[in-house]
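Student: Take a look at the following structure, please.
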Amino acid sequence: MASSSSSTLSSPFLGLEFPSARKQRSSNYIPFIRASVSEKPPPAVSVTSPEPTKLPIRKIPGDWGLPVIGPLKDRQDYFYNQGRDEFFKSRIQKYQSTVFRTNMPPGPFITFKPNVVVLLDGKSFPVLFDTSKVEKKDVFTGTYMPSTDLTGGYRVLSYLDPSEPKHALLKQLIFFLLKSRRSHVIPEFHASYEDLFNQLESDLAETGKASFGDANDQAAFNFLARSLFAANPADTKLGQDGPKIVQKWVLFQLGPLLRLGLPQFLEESTIRTFRLPASLIKKDYQRLYDFFYSSSSTVLDEAERLGITRDEACHNLLFATCFNSFGGMKLFFPNIIKWIGRAGVKLHARLAQEIRSAVRDAGGEITMAAMEKMPLMKSVVYEAFRIDPPVPLQFGRAKRDLLIESHDHAFQVKEGDLLFGYQPFATKDPRIFERAEEFVGDRFVGEEGEKLLKHVLWSNGPETESPTLGNKQCAGKDFVTLVSRLLLVEFFLRYDSFDIQVGTSPLGSKVTITSLKRSSF
């Protein structure tokens, strides 16, 4: 899902300074940009130790069971009998190992290849980012791949391995999009989320509560359309329907992996057994496609220059914007509000003080430089990424026989084995993080805290690494980090504190705002 770098927003291919959102913009402001693009992807760089040599070698525990029966039993445990977290915890306890064999959904009859080797600690997990050891071809959604009929007949960027020629070209196109619209991100975020805050306040006044998720969906879609494509959806044939269409389209792709809250028999006999026909979403998807095609002429021109057809480029832009970026904001923004809300008024007061002081020192502007002077705010964002990563499931197929280390043992993996990591367990590894299960807002403040950033892995790579044409790290890593920071800055410039109620939904936390205290200083 979305799908974002270090606190400096720099990489070998994308180095940006975003202009500020403020009440009055300087007429002589010139946005600064540093960027260089390599025509050829660099060789894959290992982010794990070369080969384990000192730990005792242990046979991978667990098994896949009998064909069909084993995967179906594991699926029942995963969704209904235990639930996802308990499914993994119970097997760690059973095997006394964070590395083991099991089956991952959906299994029969959508796929008959559900077998995986599970990696659930912070030491073994990073092998999933090492493209010299694992192949990322067609494993974006795990043990099955949705029909390409849902993406215009193309395997879009997320499903490509860096070794495939189209990978570098399409990722370069996403870098171009982000660079070309750099001057619009901060001001358009301010405008879109001011609308969100007004909506929340109106709903609170009318009913005493407000759904953050519903308002966030519309604000996020409007922001992405305005900032990246200079298009206001409300002024087009798409209108306000974008978020609902995207959610329906995502369901057609991820339905087999979701718990929708329907009776077990109904879910099992429908979305876990058969693929939903792409024809049912075709007309709605065409509306999204037409919107992006008509709004992307400059980027599509660049695509043709790179040797990508306008049609393939548009389907990729749609996927990157709607599935990766919108999906990331839809999942992560309620999560960060949830964790900060639960943390209480002391953290709220510290954030408000730090953010307002830094913005005041910057002349009332929200700037990149001002945000760099907000260490607590940056740490809170990183901590939310650590404890509740927006893309929890990671997959990669072993390119050759490997030895993979956990903290205690080394394990022999065979060429072709599908490796799977559940990221929340890796980023809450108690052998890496103290109070690993707790949300600690200032965890990453200071020199010692910053050393832990290499273990924050939400972007399909360590937080200390940057996306390149030759790796699978999220092309929009810096972008997602920036907009997540902007959410906190805009929120605490406007409010002192807030109260929430938290529920669940198929796509993350359901957050209801029950009170908002306007800024008093």
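Ordered as shown in the structure tokens, chains take letters A, B, and onward, while each chain numbers its residues from 1 and ligands are numbered from 1 in the order shown.
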When you look at Glu312 in chain A with a cut-off of 8 Å (counting only C-alpha atoms), what residues show up, excluding the ones that are within fewer than 3 positions of it in the same chain? I need them as an NGL selection string.

Tutor: :A and (152 or 154 or 308-309 or 315-316)

Student: Dump C-alpha atoms for the selected residues as an mmCIF file, in the first residue's frame?

Tutor:
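Listed below is the output, again30.cif:
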data_model
loop_
_atom_site.group_PDB
_atom_site.id
_atom_site.type_symbol
_atom_site.label_atom_id
_atom_site.label_comp_id
_atom_site.auth_asym_id
_atom_site.auth_seq_id
_atom_site.Cartn_x
_atom_site.Cartn_y
_atom_site.Cartn_z
ATOM 1 C CA GLY A 152 -5.586 -3.068 -17.391
ATOM 2 C CA TYR A 154 -0.537 -5.272 -16.979
ATOM 3 C CA ILE A 308 6.460 3.087 -21.789
ATOM 4 C CA THR A 309 3.090 3.279 -23.531
ATOM 5 C CA HIS A 315 -2.515 1.976 -15.110
ATOM 6 C CA ASN A 316 0.686 2.170 -13.072
#

Student: What's around range 256-260 of chain A at 7 Å? Count only C-alpha atoms, leave out sequence neighbours fewer than 6 positions away in its own chain, and write the answer as a ChimeraX atom specification.

Tutor: /A:79,105-106,271-272,506

Student: Hey, what's within 12 Å of Phe197 in chain A if we count only C-alpha atoms and toss same-chain stuff fewer than 2 positions away? As number ranges by chain, please?

Tutor: A: 189-195, 199-204, 210-212, 214-216, 218-219, 487, 490-495, 513, 516-518

Student: Please list as a count of residues only every residue within 6 Å of range 368-372 of chain A, counting only C-alpha atoms and excluding residues in the same chain fewer than 2 positions away.

Tutor: 3

Student: Between A:Lys414, A:Lys237, A:Arg342, A:Lys94, which residue has the minimum interatomic distance to Arg400 in chain A, considering only C-alpha atoms?

Tutor: A:Lys414

Student: Would you kindly return, as an MDAnalysis selection string, each protein, DNA or RNA residue with an atom no farther than 10 Å from any atom of range 438-452 of chain A, considering only C-alpha atoms and excluding same-chain residues fewer than 5 positions away?

Tutor: chainID A and resid 339:340 342:343 347 351 374:384 386:388 428 432:433 463:464

Student: Taking only residues of range 312-419 of chain A that have an atom at most 8 Å from an atom of range 454-458 of chain A, what is each one's shortest atom pair and its distance in Å to one decimal, using only C-alpha atoms, in chain and number order, as a tab-separated table?

Tutor:
residue	atom	partner	partner_atom	distance
A:Tyr382	CA	A:Val456	CA	7.3
A:Phe385	CA	A:Trp458	CA	6.1
A:Arg386	CA	A:Val456	CA	5.4
A:Pro389	CA	A:Trp458	CA	5.3
A:Pro390	CA	A:Trp458	CA	6.8
A:Val391	CA	A:Trp458	CA	6.6
A:Pro392	CA	A:Trp458	CA	7.7

Student: Keeping only C-alpha atoms, write the selected residues to a file as a compact mmCIF listing (two decimals), in the first residue's frame.

Tutor:
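See selection_36.txt below for the written result:
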# COMPACT_ATOMS: atom_id res chain seq x y z
CA TYR A 382 8.45 6.52 13.31
CA PHE A 385 5.30 3.00 11.68
CA ARG A 386 7.13 0.58 13.99
CA PRO A 389 3.15 -0.81 9.94
CA PRO A 390 0.66 -0.10 7.14
CA VAL A 391 1.84 -3.09 5.06
CA PRO A 392 2.28 -5.91 7.59
